[in-house]
>>> print(open('target09.tsv').read())   # TSV, C-alpha atoms
chain	number	residue	atom	x	y	z
A	11	MET	CA	41.03	59.85	85.72
A	12	ILE	CA	38.26	57.87	87.39
A	13	PRO	CA	39.71	55.41	89.93
A	14	ARG	CA	38.65	51.77	89.86
A	15	THR	CA	37.50	51.45	93.48
A	16	LEU	CA	36.64	47.77	93.07
A	17	PHE	CA	40.31	46.82	93.07
A	18	ASP	CA	42.41	47.04	96.25
A	19	ALA	CA	46.13	46.58	96.91
A	20	ASP	CA	45.83	42.78	97.03
A	21	LEU	CA	44.22	42.73	93.61
A	22	ASP	CA	46.82	45.15	92.26
A	23	GLY	CA	49.54	42.78	93.44
A	24	PHE	CA	47.72	39.86	91.84
A	25	ARG	CA	47.45	41.83	88.61
A	26	ASP	CA	51.21	42.43	88.64
A	27	SER	CA	51.90	38.72	89.08
A	28	VAL	CA	49.54	37.78	86.24
A	29	ARG	CA	51.07	40.42	83.96
A	30	LYS	CA	54.63	39.25	84.67
A	31	PHE	CA	53.66	35.63	84.10
A	32	LEU	CA	52.09	36.45	80.74
A	33	GLU	CA	55.06	38.59	79.67
A	34	GLN	CA	57.50	35.78	80.50
A	35	GLU	CA	55.55	32.63	79.61
A	36	ALA	CA	53.06	33.62	76.90
A	37	VAL	CA	54.04	36.73	74.96
A	38	PRO	CA	57.34	35.29	73.59
A	39	HIS	CA	55.49	32.24	72.22
A	40	HIS	CA	52.34	33.80	70.81
A	41	ALA	CA	53.64	34.27	67.28
A	42	GLN	CA	54.43	30.55	67.11
A	43	TRP	CA	51.04	29.69	68.61
A	44	GLU	CA	49.43	31.72	65.83
A	45	LYS	CA	51.24	29.56	63.29
A	46	ASP	CA	50.28	26.40	65.17
A	47	GLY	CA	46.64	27.42	65.49
A	48	GLN	CA	46.67	26.72	69.23
A	49	VAL	CA	48.65	27.37	72.38
A	50	SER	CA	50.73	24.76	74.20
A	51	ARG	CA	49.44	22.49	76.93
A	52	GLU	CA	52.39	23.62	79.03
A	53	ILE	CA	50.98	27.13	79.41
A	54	TRP	CA	47.74	25.67	80.73
A	55	GLN	CA	49.60	23.52	83.23
A	56	LYS	CA	51.82	26.38	84.39
A	57	ALA	CA	48.77	28.60	84.84
A	58	GLY	CA	47.11	25.87	86.87
A	59	GLU	CA	50.14	25.49	89.13
A	60	LEU	CA	50.05	29.22	89.93
A	61	GLY	CA	46.31	29.38	90.57
A	62	PHE	CA	45.47	31.32	87.41
A	63	LEU	CA	42.85	28.76	86.33
A	64	CYS	CA	39.48	28.64	88.11
A	65	PRO	CA	40.49	31.19	90.80
A	66	ALA	CA	36.86	31.68	91.84
A	67	MET	CA	36.29	27.97	92.47
A	68	PRO	CA	36.11	26.90	96.14
A	69	GLU	CA	39.31	25.55	97.61
A	70	ALA	CA	37.59	22.20	98.18
A	71	TYR	CA	37.53	21.76	94.40
A	72	GLY	CA	41.07	22.96	93.72
A	73	GLY	CA	40.34	26.66	93.18
A	74	ALA	CA	41.65	29.61	95.14
A	75	GLY	CA	38.29	30.43	96.72
A	76	ALA	CA	38.65	34.01	95.48
A	77	ASP	CA	35.84	36.22	94.24
A	78	PHE	CA	35.16	36.99	90.58
A	79	ARG	CA	37.36	40.11	90.64
A	80	TYR	CA	40.41	37.85	90.45
A	81	SER	CA	39.00	36.20	87.34
A	82	ALA	CA	38.32	39.67	85.92
A	83	VAL	CA	41.96	40.64	86.45
A	84	ILE	CA	43.14	37.59	84.50
A	85	MET	CA	40.70	38.28	81.65
A	86	GLU	CA	41.80	41.90	81.43
A	87	GLU	CA	45.51	41.12	81.43
A	88	VAL	CA	45.15	38.39	78.81
A	89	SER	CA	43.14	40.75	76.61
A	90	ARG	CA	45.45	43.73	77.20
A	91	ALA	CA	48.44	41.64	76.10
A	92	GLY	CA	46.64	40.52	72.93
A	93	LEU	CA	46.90	36.86	73.94
A	94	SER	CA	43.72	35.78	72.19
A	95	GLY	CA	44.86	32.16	72.03
A	96	LEU	CA	44.43	31.63	75.76
A	97	GLY	CA	40.90	30.30	76.20
A	98	TRP	CA	41.16	30.48	79.98
A	99	ALA	CA	38.07	32.62	80.61
A	100	LEU	CA	35.75	30.13	78.94
A	101	HIS	CA	37.42	27.23	80.76
A	102	SER	CA	37.56	28.85	84.21
A	103	ASP	CA	34.52	31.09	84.29
A	104	ILE	CA	32.00	29.45	81.99
A	105	VAL	CA	32.65	25.70	81.96
A	106	ALA	CA	33.67	25.34	85.62
A	107	PRO	CA	30.73	27.41	86.99
A	108	TYR	CA	28.23	25.26	85.07
A	109	ILE	CA	29.64	22.23	86.86
A	110	LEU	CA	29.81	24.02	90.22
A	111	ASN	CA	26.27	25.39	90.00
A	112	TYR	CA	24.47	22.42	88.45
A	113	GLY	CA	26.72	19.40	88.82
A	114	SER	CA	26.36	16.50	91.22
A	115	ASP	CA	28.85	16.02	94.03
A	116	GLU	CA	30.54	13.30	92.01
A	117	GLN	CA	30.82	15.51	88.93
A	118	LYS	CA	32.26	18.39	90.96
A	119	ASP	CA	34.70	16.20	92.87
A	120	TYR	CA	36.04	14.60	89.70
A	121	TYR	CA	36.15	17.42	87.14
A	122	LEU	CA	36.70	20.70	88.96
A	123	PRO	CA	40.12	19.89	90.50
A	124	ARG	CA	41.35	18.66	87.12
A	125	LEU	CA	40.15	21.84	85.43
A	126	ALA	CA	41.79	23.98	88.12
A	127	ARG	CA	45.12	22.20	87.66
A	128	GLY	CA	45.00	22.45	83.88
A	129	GLU	CA	45.03	18.66	83.57
A	130	MET	CA	41.80	18.87	81.62
A	131	ILE	CA	40.79	21.68	79.27
A	132	GLY	CA	37.14	22.60	79.09
A	133	ALA	CA	34.85	23.83	76.31
A	134	ILE	CA	31.14	24.40	75.81
A	135	ALA	CA	29.36	23.37	72.63
A	136	MET	CA	26.30	25.47	71.89
A	137	THR	CA	26.56	26.72	68.30
A	138	GLU	CA	25.68	24.50	65.36
A	139	PRO	CA	25.95	25.00	61.59
A	140	GLY	CA	22.26	25.93	61.57
A	141	ALA	CA	21.83	27.39	65.06
A	142	GLY	CA	23.82	30.31	66.49
A	143	SER	CA	22.20	32.90	68.72
A	144	ASP	CA	18.90	30.98	68.49
A	145	LEU	CA	19.68	28.20	70.95
A	146	GLN	CA	16.14	26.85	70.65
A	147	GLY	CA	17.10	25.79	67.13
A	148	VAL	CA	19.69	23.25	68.31
A	149	LYS	CA	19.41	19.96	66.38
A	150	THR	CA	21.92	17.81	68.28
A	151	THR	CA	20.02	15.08	70.13
A	152	ALA	CA	20.67	12.99	73.22
A	153	ILE	CA	18.08	10.21	73.37
A	154	ARG	CA	17.86	8.14	76.53
A	155	GLN	CA	18.49	4.41	76.31
A	156	ASP	CA	18.41	2.67	79.68
A	157	ASN	CA	21.37	3.98	81.70
A	158	HIS	CA	22.87	6.21	79.03
A	159	PHE	CA	22.02	8.79	76.37
A	160	LEU	CA	22.89	8.37	72.70
A	161	LEU	CA	24.39	11.66	71.46
A	162	ASN	CA	24.23	12.56	67.77
A	163	GLY	CA	24.85	15.82	65.93
A	164	SER	CA	27.50	18.44	65.29
A	165	LYS	CA	28.74	21.75	66.66
A	166	THR	CA	30.89	24.51	65.19
A	167	PHE	CA	32.91	27.57	66.25
A	168	ILE	CA	33.83	25.85	69.53
A	169	THR	CA	36.52	27.68	71.51
A	170	ASN	CA	39.20	25.32	72.90
A	171	GLY	CA	37.71	22.73	70.54
A	172	GLN	CA	40.95	21.06	69.46
A	173	MET	CA	42.53	20.93	72.91
A	174	ALA	CA	39.42	20.21	74.97
A	175	ASP	CA	39.22	17.09	77.12
A	176	LEU	CA	35.76	17.89	78.51
A	177	VAL	CA	32.90	19.56	76.64
A	178	ILE	CA	29.55	20.73	77.97
A	179	VAL	CA	27.23	19.81	75.10
A	180	VAL	CA	23.84	21.42	74.52
A	181	ALA	CA	21.45	18.81	73.13
A	182	LYS	CA	17.75	18.04	72.76
A	183	THR	CA	16.58	15.20	74.99
A	184	ASP	CA	13.04	15.77	73.69
A	185	PRO	CA	13.18	17.36	70.22
A	186	LYS	CA	9.40	17.96	70.22
A	187	GLU	CA	9.53	20.20	73.31
A	188	GLY	CA	11.71	23.04	71.96
A	189	ALA	CA	13.47	24.93	74.75
A	190	LYS	CA	11.85	22.70	77.37
A	191	GLY	CA	13.44	19.67	75.74
A	192	THR	CA	17.01	21.02	76.01
A	193	SER	CA	19.60	19.48	78.36
A	194	LEU	CA	23.32	19.88	79.09
A	195	PHE	CA	25.78	17.00	79.24
A	196	LEU	CA	29.37	16.55	80.40
A	197	VAL	CA	31.08	14.74	77.53
A	198	GLU	CA	34.70	13.62	77.45
A	199	THR	CA	36.37	13.99	74.08
A	200	ALA	CA	38.10	10.59	74.31
A	201	TRP	CA	34.80	8.71	74.20
A	202	GLU	CA	34.02	6.56	71.18
A	203	GLY	CA	32.02	8.39	68.53
A	204	PHE	CA	33.33	11.84	69.52
A	205	GLU	CA	35.30	13.38	66.66
A	206	LYS	CA	37.07	16.73	66.44
A	207	GLY	CA	36.83	18.34	63.04
A	208	GLN	CA	39.16	20.86	61.50
A	209	ASN	CA	40.72	23.73	63.42
A	210	LEU	CA	38.90	26.60	61.73
A	211	ASN	CA	40.90	29.21	59.82
A	212	LYS	CA	39.59	32.48	61.24
A	213	VAL	CA	40.12	36.12	60.28
A	214	GLY	CA	41.59	36.82	63.72
A	215	MET	CA	42.32	35.02	67.00
A	216	LYS	CA	44.80	32.88	65.08
A	217	ALA	CA	46.26	31.20	68.16
A	218	GLN	CA	42.84	30.16	69.48
A	219	ASP	CA	41.81	26.61	68.57
A	220	THR	CA	38.24	26.98	67.32
A	221	SER	CA	36.79	23.77	65.98
A	222	GLU	CA	33.99	21.71	64.60
A	223	LEU	CA	32.83	18.81	66.78
A	224	PHE	CA	30.92	15.72	65.65
A	225	PHE	CA	28.98	13.16	67.69
A	226	GLN	CA	28.00	9.80	66.22
A	227	ASP	CA	26.22	7.51	68.66
A	228	VAL	CA	28.31	8.73	71.58
A	229	LYS	CA	27.20	6.84	74.70
A	230	VAL	CA	26.91	9.41	77.47
A	231	PRO	CA	26.29	7.88	80.91
A	232	ALA	CA	23.08	9.13	82.50
A	233	THR	CA	25.21	10.32	85.41
A	234	HIS	CA	26.72	12.93	83.06
A	235	LEU	CA	23.46	14.82	82.62
A	236	LEU	CA	24.05	18.24	84.17
A	237	GLY	CA	21.49	19.10	86.81
A	238	GLY	CA	20.14	15.58	87.28
A	239	ARG	CA	16.92	16.09	85.31
A	240	GLU	CA	16.20	16.35	81.61
A	241	GLY	CA	14.84	19.59	80.17
A	242	GLN	CA	16.75	21.97	82.47
A	243	GLY	CA	19.36	23.02	79.91
A	244	PHE	CA	17.75	26.14	78.49
A	245	LEU	CA	17.12	27.60	81.95
A	246	GLN	CA	20.70	26.79	82.95
A	247	LEU	CA	22.00	28.57	79.84
A	248	MET	CA	19.89	31.66	80.47
A	249	GLN	CA	21.07	31.89	84.06
A	250	GLU	CA	24.75	31.75	83.09
A	251	LEU	CA	24.74	33.93	79.95
A	252	PRO	CA	24.87	37.31	81.81
A	253	ALA	CA	28.21	36.26	83.33
A	254	GLU	CA	29.51	35.25	79.91
A	255	ARG	CA	28.52	38.62	78.43
A	256	LEU	CA	30.22	40.44	81.30
A	257	GLN	CA	33.40	38.53	80.45
A	258	VAL	CA	33.17	39.65	76.83
A	259	ALA	CA	32.83	43.25	78.03
A	260	LEU	CA	35.80	43.00	80.39
A	261	ALA	CA	37.96	41.76	77.52
A	262	ALA	CA	36.57	44.41	75.16
A	263	VAL	CA	37.40	47.36	77.38
A	264	ALA	CA	40.86	46.06	78.29
A	265	ALA	CA	41.67	45.54	74.61
A	266	ALA	CA	40.43	49.04	73.75
A	267	GLU	CA	42.55	50.55	76.53
A	268	ALA	CA	45.64	48.74	75.27
A	269	ALA	CA	45.00	49.81	71.67
A	270	TRP	CA	44.63	53.43	72.77
A	271	GLU	CA	47.91	53.29	74.70
A	272	TRP	CA	49.80	51.72	71.75
A	273	THR	CA	48.38	54.40	69.48
A	274	LEU	CA	49.31	57.24	71.81
A	275	THR	CA	52.91	56.03	71.82
A	276	TYR	CA	52.88	55.72	68.04
A	277	VAL	CA	51.43	59.17	67.27
A	278	LYS	CA	53.91	60.79	69.65
A	279	ASP	CA	56.86	59.09	67.94
A	280	ARG	CA	55.73	59.10	64.31
A	281	LYS	CA	56.43	62.28	62.34
A	282	ALA	CA	54.62	63.70	59.32
A	283	PHE	CA	55.45	67.02	57.67
A	284	ASN	CA	58.29	67.46	60.18
A	285	LYS	CA	56.16	67.23	63.30
A	286	PRO	CA	54.72	64.44	65.47
A	287	VAL	CA	51.37	63.08	64.32
A	288	ILE	CA	49.94	63.99	67.74
A	289	ALA	CA	50.52	67.66	66.86
A	290	PHE	CA	47.69	67.55	64.31
A	291	GLN	CA	44.31	68.61	65.66
A	292	ASN	CA	42.53	65.67	64.03
A	293	THR	CA	44.79	63.22	65.87
A	294	ARG	CA	44.31	64.94	69.23
A	295	PHE	CA	40.54	65.10	68.77
A	296	LYS	CA	40.34	61.43	67.76
A	297	MET	CA	42.44	60.41	70.77
A	298	ALA	CA	40.29	62.53	73.09
A	299	GLU	CA	37.05	61.09	71.69
A	300	MET	CA	38.30	57.54	72.12
A	301	LYS	CA	39.50	58.24	75.65
A	302	ALA	CA	36.06	59.49	76.64
A	303	GLU	CA	34.31	56.48	75.10
A	304	ILE	CA	36.71	53.99	76.67
A	305	THR	CA	36.35	55.66	80.07
A	306	ALA	CA	32.56	55.49	79.85
A	307	ALA	CA	32.79	51.83	78.85
A	308	ARG	CA	35.11	51.13	81.77
A	309	VAL	CA	32.75	52.75	84.30
A	310	PHE	CA	29.73	50.87	82.90
A	311	THR	CA	31.63	47.59	82.95
A	312	ASP	CA	32.90	48.06	86.49
A	313	ARG	CA	29.37	48.83	87.68
A	314	CYS	CA	28.13	45.62	86.04
A	315	LEU	CA	30.99	43.76	87.68
A	316	GLU	CA	29.76	45.09	91.03
A	317	LEU	CA	26.25	43.90	90.22
A	318	HIS	CA	27.59	40.47	89.27
A	319	LEU	CA	29.49	40.20	92.55
A	320	ASP	CA	26.19	40.95	94.33
A	321	ARG	CA	24.35	38.45	92.06
A	322	LYS	CA	22.22	41.27	90.67
A	323	LEU	CA	23.39	41.48	87.04
A	324	ASP	CA	20.23	40.83	85.03
A	325	ILE	CA	19.89	39.60	81.45
A	326	PRO	CA	18.93	42.94	79.79
A	327	THR	CA	21.73	44.88	81.51
A	328	ALA	CA	24.32	42.26	80.54
A	329	ALA	CA	23.02	42.39	76.98
A	330	MET	CA	23.33	46.19	76.89
A	331	LEU	CA	26.84	45.93	78.27
A	332	LYS	CA	28.00	43.31	75.78
A	333	GLN	CA	26.55	45.15	72.79
A	334	TRP	CA	27.81	48.59	73.74
A	335	THR	CA	31.33	47.72	74.87
A	336	THR	CA	32.06	45.53	71.85
A	337	ASP	CA	30.76	48.22	69.49
A	338	ILE	CA	33.11	50.66	71.23
A	339	GLN	CA	35.96	48.16	71.03
A	340	CYS	CA	35.58	47.73	67.27
A	341	LYS	CA	35.24	51.49	66.75
A	342	VAL	CA	38.40	52.16	68.76
A	343	MET	CA	40.36	49.46	66.92
A	344	ASP	CA	39.38	50.92	63.56
A	345	GLU	CA	40.33	54.46	64.58
A	346	CYS	CA	43.65	53.26	65.99
A	347	VAL	CA	44.51	51.37	62.79
A	348	GLN	CA	43.76	54.54	60.83
A	349	LEU	CA	46.06	56.61	63.05
A	350	HIS	CA	48.84	54.07	62.53
A	351	GLY	CA	48.54	54.55	58.77
A	352	GLY	CA	49.99	51.76	56.63
A	353	TYR	CA	51.79	50.25	59.60
A	354	GLY	CA	48.44	49.65	61.24
A	355	TYR	CA	47.69	47.09	58.53
A	356	MET	CA	50.90	45.13	59.13
A	357	TRP	CA	50.49	41.89	61.11
A	358	GLU	CA	53.67	42.46	63.12
A	359	TYR	CA	52.10	45.51	64.73
A	360	PRO	CA	49.88	44.54	67.70
A	361	ILE	CA	47.17	46.95	66.60
A	362	ALA	CA	46.63	44.94	63.38
A	363	ARG	CA	46.12	41.71	65.31
A	364	ALA	CA	43.91	43.42	67.89
A	365	TRP	CA	41.78	44.87	65.08
A	366	ALA	CA	41.33	41.43	63.51
A	367	ASP	CA	40.69	39.78	66.88
A	368	SER	CA	38.07	42.33	67.91
A	369	ARG	CA	35.55	41.76	65.14
A	370	VAL	CA	34.19	38.48	66.50
A	371	GLN	CA	33.29	40.15	69.81
A	372	ARG	CA	30.15	41.54	68.21
A	373	ILE	CA	29.15	38.05	67.08
A	374	TYR	CA	29.77	35.46	69.79
A	375	ALA	CA	27.97	35.18	73.15
A	376	GLY	CA	24.92	36.27	71.14
A	377	THR	CA	25.18	38.72	68.24
A	378	ASN	CA	24.83	42.40	69.04
A	379	GLU	CA	21.58	42.46	67.10
A	380	ILE	CA	20.22	39.78	69.45
A	381	MET	CA	21.49	41.84	72.40
A	382	LYS	CA	19.39	44.79	71.21
A	383	GLU	CA	16.37	42.52	70.85
A	384	ILE	CA	16.83	41.26	74.43
A	385	VAL	CA	16.98	44.84	75.70
A	386	ALA	CA	13.95	45.88	73.64
A	387	ARG	CA	11.87	43.01	75.03
A	388	SER	CA	12.53	44.27	78.56
A	389	PHE	CA	10.83	47.66	77.98
>>> encode(input="target09.tsv", output="C-alpha cells")
Amino acid sequence: MIPRTLFDADLDGFRDSVRKFLEQEAVPHHAQWEKDGQVSREIWQKAGELGFLCPAMPEAYGGAGADFRYSAVIMEEVSRAGLSGLGWALHSDIVAPYILNYGSDEQKDYYLPRLARGEMIGAIAMTEPGAGSDLQGVKTTAIRQDNHFLLNGSKTFITNGQMADLVIVVAKTDPKEGAKGTSLFLVETAWEGFEKGQNLNKVGMKAQDTSELFFQDVKVPATHLLGGREGQGFLQLMQELPAERLQVALAAVAAAEAAWEWTLTYVKDRKAFNKPVIAFQNTRFKMAEMKAEITAARVFTDRCLELHLDRKLDIPTAAMLKQWTTDIQCKVMDECVQLHGGYGYMWEYPIARAWADSRVQRIYAGTNEIMKEIVARSF
C-alpha cells in the first residue's frame, strides 16, 4: 500500500492518543448523544484540557503551536470512529483561524484561549433559508449606528448552533453593494436579541446540534467587526473556504476507509450458501474497486494537505478535492450497505449511520454542483 509520508512517528503517537481518548470518552456515549441531539459540554472541556482543540493555534493564544497535520489527525480519527456529533473541526479549524487571521489583538487575546480550552464553543453562520452556496444572496443585515451595528436576520443549518457561545455571522453592512457590502462579525449568543431556534431533525449526524439562529436588533459593538473595516467579509470567506473544503475531504476519506474495513470484516464472517460472502467474485470485485478508489482519494487528499501546509492550495483544486472525495465517500457507503445486506440498513450497525451521515458531505461547504462550476470557471 502507498505510505503516507506526511506523517512521522510523532504524529503516529499523537494519532494513537487521540484514538484512545475517543474510544474511552466519546464512543461509549455517542448513542445517548444521538438521542439528545448534541454531545456533552464535558467532552469539549476534556478535549481542551488535552490539547485536542485548536492544536494549530499559537501557544500565545492557548493552542499547541502545531501545524495543520495535527488537526488533520483529529479530523480523521473523529470521522473514522463515526463520531459525527463532535463539531471540533469547525470550531478549531474554521472559527479560530478566522479570528487568528483577521481579528484584532483584543479579539485574539480574549476569544482564542477560551476556544482552545473548550470554555467557549464556536460556530459560523453563513447559510440562510434563502441563501446557501450563493453567499452573495445573504439577507442578514448589520447596519452601523454610532459605536455599534444593529444585526437583524436569520441563519439555518448552523453546526454547533445549539451549544455555541460565539458565532461568526456573515451579514450585509451595505445591502446595495452585493459581495462588496458583506462583513463578518463576532457575536456572542448570550447577547440580547440573539435567539437559538430548534435543533434540526436531520437524516444523519444525529448527535450534531444543527440549528436555526435568529437576530432581532442585536447590538454588536463596532469592535466586533472582523478585520476592522466593513466590506471585507466576502474576501475573507473566499480565502478561508479552501481550508474548509480540505477538511471535508479529510473526513470523507477517513470515513470511507473505516466503512471499507467494517465491510471487509463483515463479508469474511458472514456466510451465504455455506461459504463466506467474500468468496463470491462480485464481493471481491466490489471490495477491490472500492479499495482502488479510496486509495486514489487518499493520495489526492494528502497532496492537497501538503499544498495547504505550504499555503499553495488554491480555490479550484480545493473544489475538485471536495467534490470528488465526497462523491467517492457516498459511493463507497452505498456499496458497503449493499454488501451488508439487510443488516446494513439497521441503525445499530455503524455502516448504516455512516451511510446516513455521509450524504450531507456533498451539500455543505458548497454543493458539489457549485464545486464543478468553480472548477469550470478556472479553465
>>> residues_around(input="target09.tsv", residues="Gly97 (chain A)", least_positions_apart="4", cutoff="12 Å", atoms="only C-alpha atoms", output="PDB file with C-alpha atoms, in the frame of the given file")
ATOM      1  CA  GLN A  48      46.670  26.720  69.230  1.00  0.00           C
ATOM      2  CA  VAL A  49      48.650  27.370  72.380  1.00  0.00           C
ATOM      3  CA  SER A  50      50.730  24.760  74.200  1.00  0.00           C
ATOM      4  CA  ARG A  51      49.440  22.490  76.930  1.00  0.00           C
ATOM      5  CA  ILE A  53      50.980  27.130  79.410  1.00  0.00           C
ATOM      6  CA  TRP A  54      47.740  25.670  80.730  1.00  0.00           C
ATOM      7  CA  ALA A  57      48.770  28.600  84.840  1.00  0.00           C
ATOM      8  CA  LEU A  63      42.850  28.760  86.330  1.00  0.00           C
ATOM      9  CA  ILE A  84      43.140  37.590  84.500  1.00  0.00           C
ATOM     10  CA  MET A  85      40.700  38.280  81.650  1.00  0.00           C
ATOM     11  CA  VAL A  88      45.150  38.390  78.810  1.00  0.00           C
ATOM     12  CA  SER A  89      43.140  40.750  76.610  1.00  0.00           C
ATOM     13  CA  LEU A  93      46.900  36.860  73.940  1.00  0.00           C
ATOM     14  CA  HIS A 101      37.420  27.230  80.760  1.00  0.00           C
ATOM     15  CA  SER A 102      37.560  28.850  84.210  1.00  0.00           C
ATOM     16  CA  ASP A 103      34.520  31.090  84.290  1.00  0.00           C
ATOM     17  CA  ILE A 104      32.000  29.450  81.990  1.00  0.00           C
ATOM     18  CA  VAL A 105      32.650  25.700  81.960  1.00  0.00           C
ATOM     19  CA  GLY A 128      45.000  22.450  83.880  1.00  0.00           C
ATOM     20  CA  ILE A 131      40.790  21.680  79.270  1.00  0.00           C
ATOM     21  CA  GLY A 132      37.140  22.600  79.090  1.00  0.00           C
ATOM     22  CA  ALA A 133      34.850  23.830  76.310  1.00  0.00           C
ATOM     23  CA  ILE A 134      31.140  24.400  75.810  1.00  0.00           C
ATOM     24  CA  ILE A 168      33.830  25.850  69.530  1.00  0.00           C
ATOM     25  CA  THR A 169      36.520  27.680  71.510  1.00  0.00           C
ATOM     26  CA  ASN A 170      39.200  25.320  72.900  1.00  0.00           C
ATOM     27  CA  GLY A 171      37.710  22.730  70.540  1.00  0.00           C
ATOM     28  CA  GLN A 172      40.950  21.060  69.460  1.00  0.00           C
ATOM     29  CA  MET A 173      42.530  20.930  72.910  1.00  0.00           C
ATOM     30  CA  ALA A 174      39.420  20.210  74.970  1.00  0.00           C
ATOM     31  CA  MET A 215      42.320  35.020  67.000  1.00  0.00           C
ATOM     32  CA  ALA A 217      46.260  31.200  68.160  1.00  0.00           C
ATOM     33  CA  GLN A 218      42.840  30.160  69.480  1.00  0.00           C
ATOM     34  CA  ASP A 219      41.810  26.610  68.570  1.00  0.00           C
ATOM     35  CA  THR A 220      38.240  26.980  67.320  1.00  0.00           C
ATOM     36  CA  GLN A 257      33.400  38.530  80.450  1.00  0.00           C
ATOM     37  CA  ALA A 261      37.960  41.760  77.520  1.00  0.00           C
TER      38      ALA A 261
END
>>> closest_residue(input="target09.tsv", among="A:Cys314, A:Ala364, A:Cys340, A:Val370", to="Arg79 (chain A)", atoms="only C-alpha atoms")
A:Cys314
>>> atom_distance(input="target09.tsv", atom1="CA of Ala74 (chain A)", atom2="CA of Leu125 (chain A)")
12.5 Å
>>> residues_around(input="target09.tsv", residues="Ser193 (chain A)", least_positions_apart="2", cutoff="10 Å", atoms="all atoms listed in the file", output="compact mmCIF listing (two decimals) with C-alpha atoms, in the coordinates of the input")
# COMPACT_ATOMS: atom_id res chain seq x y z
CA THR A 151 20.02 15.08 70.13
CA ALA A 152 20.67 12.99 73.22
CA VAL A 179 27.23 19.81 75.10
CA VAL A 180 23.84 21.42 74.52
CA ALA A 181 21.45 18.81 73.13
CA LYS A 182 17.75 18.04 72.76
CA THR A 183 16.58 15.20 74.99
CA ASP A 184 13.04 15.77 73.69
CA ALA A 189 13.47 24.93 74.75
CA LYS A 190 11.85 22.70 77.37
CA GLY A 191 13.44 19.67 75.74
CA PHE A 195 25.78 17.00 79.24
CA LEU A 235 23.46 14.82 82.62
CA LEU A 236 24.05 18.24 84.17
CA GLY A 237 21.49 19.10 86.81
CA GLY A 238 20.14 15.58 87.28
CA ARG A 239 16.92 16.09 85.31
CA GLU A 240 16.20 16.35 81.61
CA GLY A 241 14.84 19.59 80.17
CA GLN A 242 16.75 21.97 82.47
CA GLY A 243 19.36 23.02 79.91
CA PHE A 244 17.75 26.14 78.49
CA LEU A 245 17.12 27.60 81.95
CA GLN A 246 20.70 26.79 82.95
CA LEU A 247 22.00 28.57 79.84
>>> axis_aligned_box(input="target09.tsv", around="region 156-164 of chain A", padding_each_side="5 Å", output="AutoDock Vina command-line options")
--center_x 23.0 --center_y 10.6 --center_z 73.5 --size_x 19.1 --size_y 25.8 --size_z 26.4
>>> closest_residue(input="target09.tsv", among="A:Phe167, A:Phe290, A:Phe283, A:Phe31", to="Ala375 (chain A)", atoms="all atoms listed in the file")
A:Phe167
>>> atom_distance(input="target09.tsv", atom1="CA of Thr166 (chain A)", atom2="CA of Ala135 (chain A)")
7.7 Å
>>> atom_distance(input="target09.tsv", atom1="CA of Val28 (chain A)", atom2="CA of Tyr276 (chain A)")
25.8 Å
>>> closest_residue(input="target09.tsv", among="A:Lys149, A:Arg369, A:His318, A:Lys216", to="Trp357 (chain A)", atoms="only C-alpha atoms")
A:Lys216
>>> closest_residue(input="target09.tsv", among="A:Ala265, A:Leu100, A:Met297, A:Leu194", to="His234 (chain A)", atoms="only C-alpha atoms")
A:Leu194
>>> residues_around(input="target09.tsv", residues="Lys206 (chain A)", least_positions_apart="3", cutoff="9 Å", atoms="all atoms listed in the file", output="list in words")
Gly171, Gln172, Thr199, Asn209, Ser221, Glu222, Leu223, Phe224 and Phe225 of chain A
>>> closest_residue(input="target09.tsv", among="A:Gly352, A:Ala302, A:Ile373, A:Glu52", to="Ile338 (chain A)", atoms="only C-alpha atoms")
A:Ala302
>>> closest_residue(input="target09.tsv", among="A:Pro38, A:Pro139, A:Gly73, A:Gly92", to="Trp365 (chain A)", atoms="only C-alpha atoms")
A:Gly92
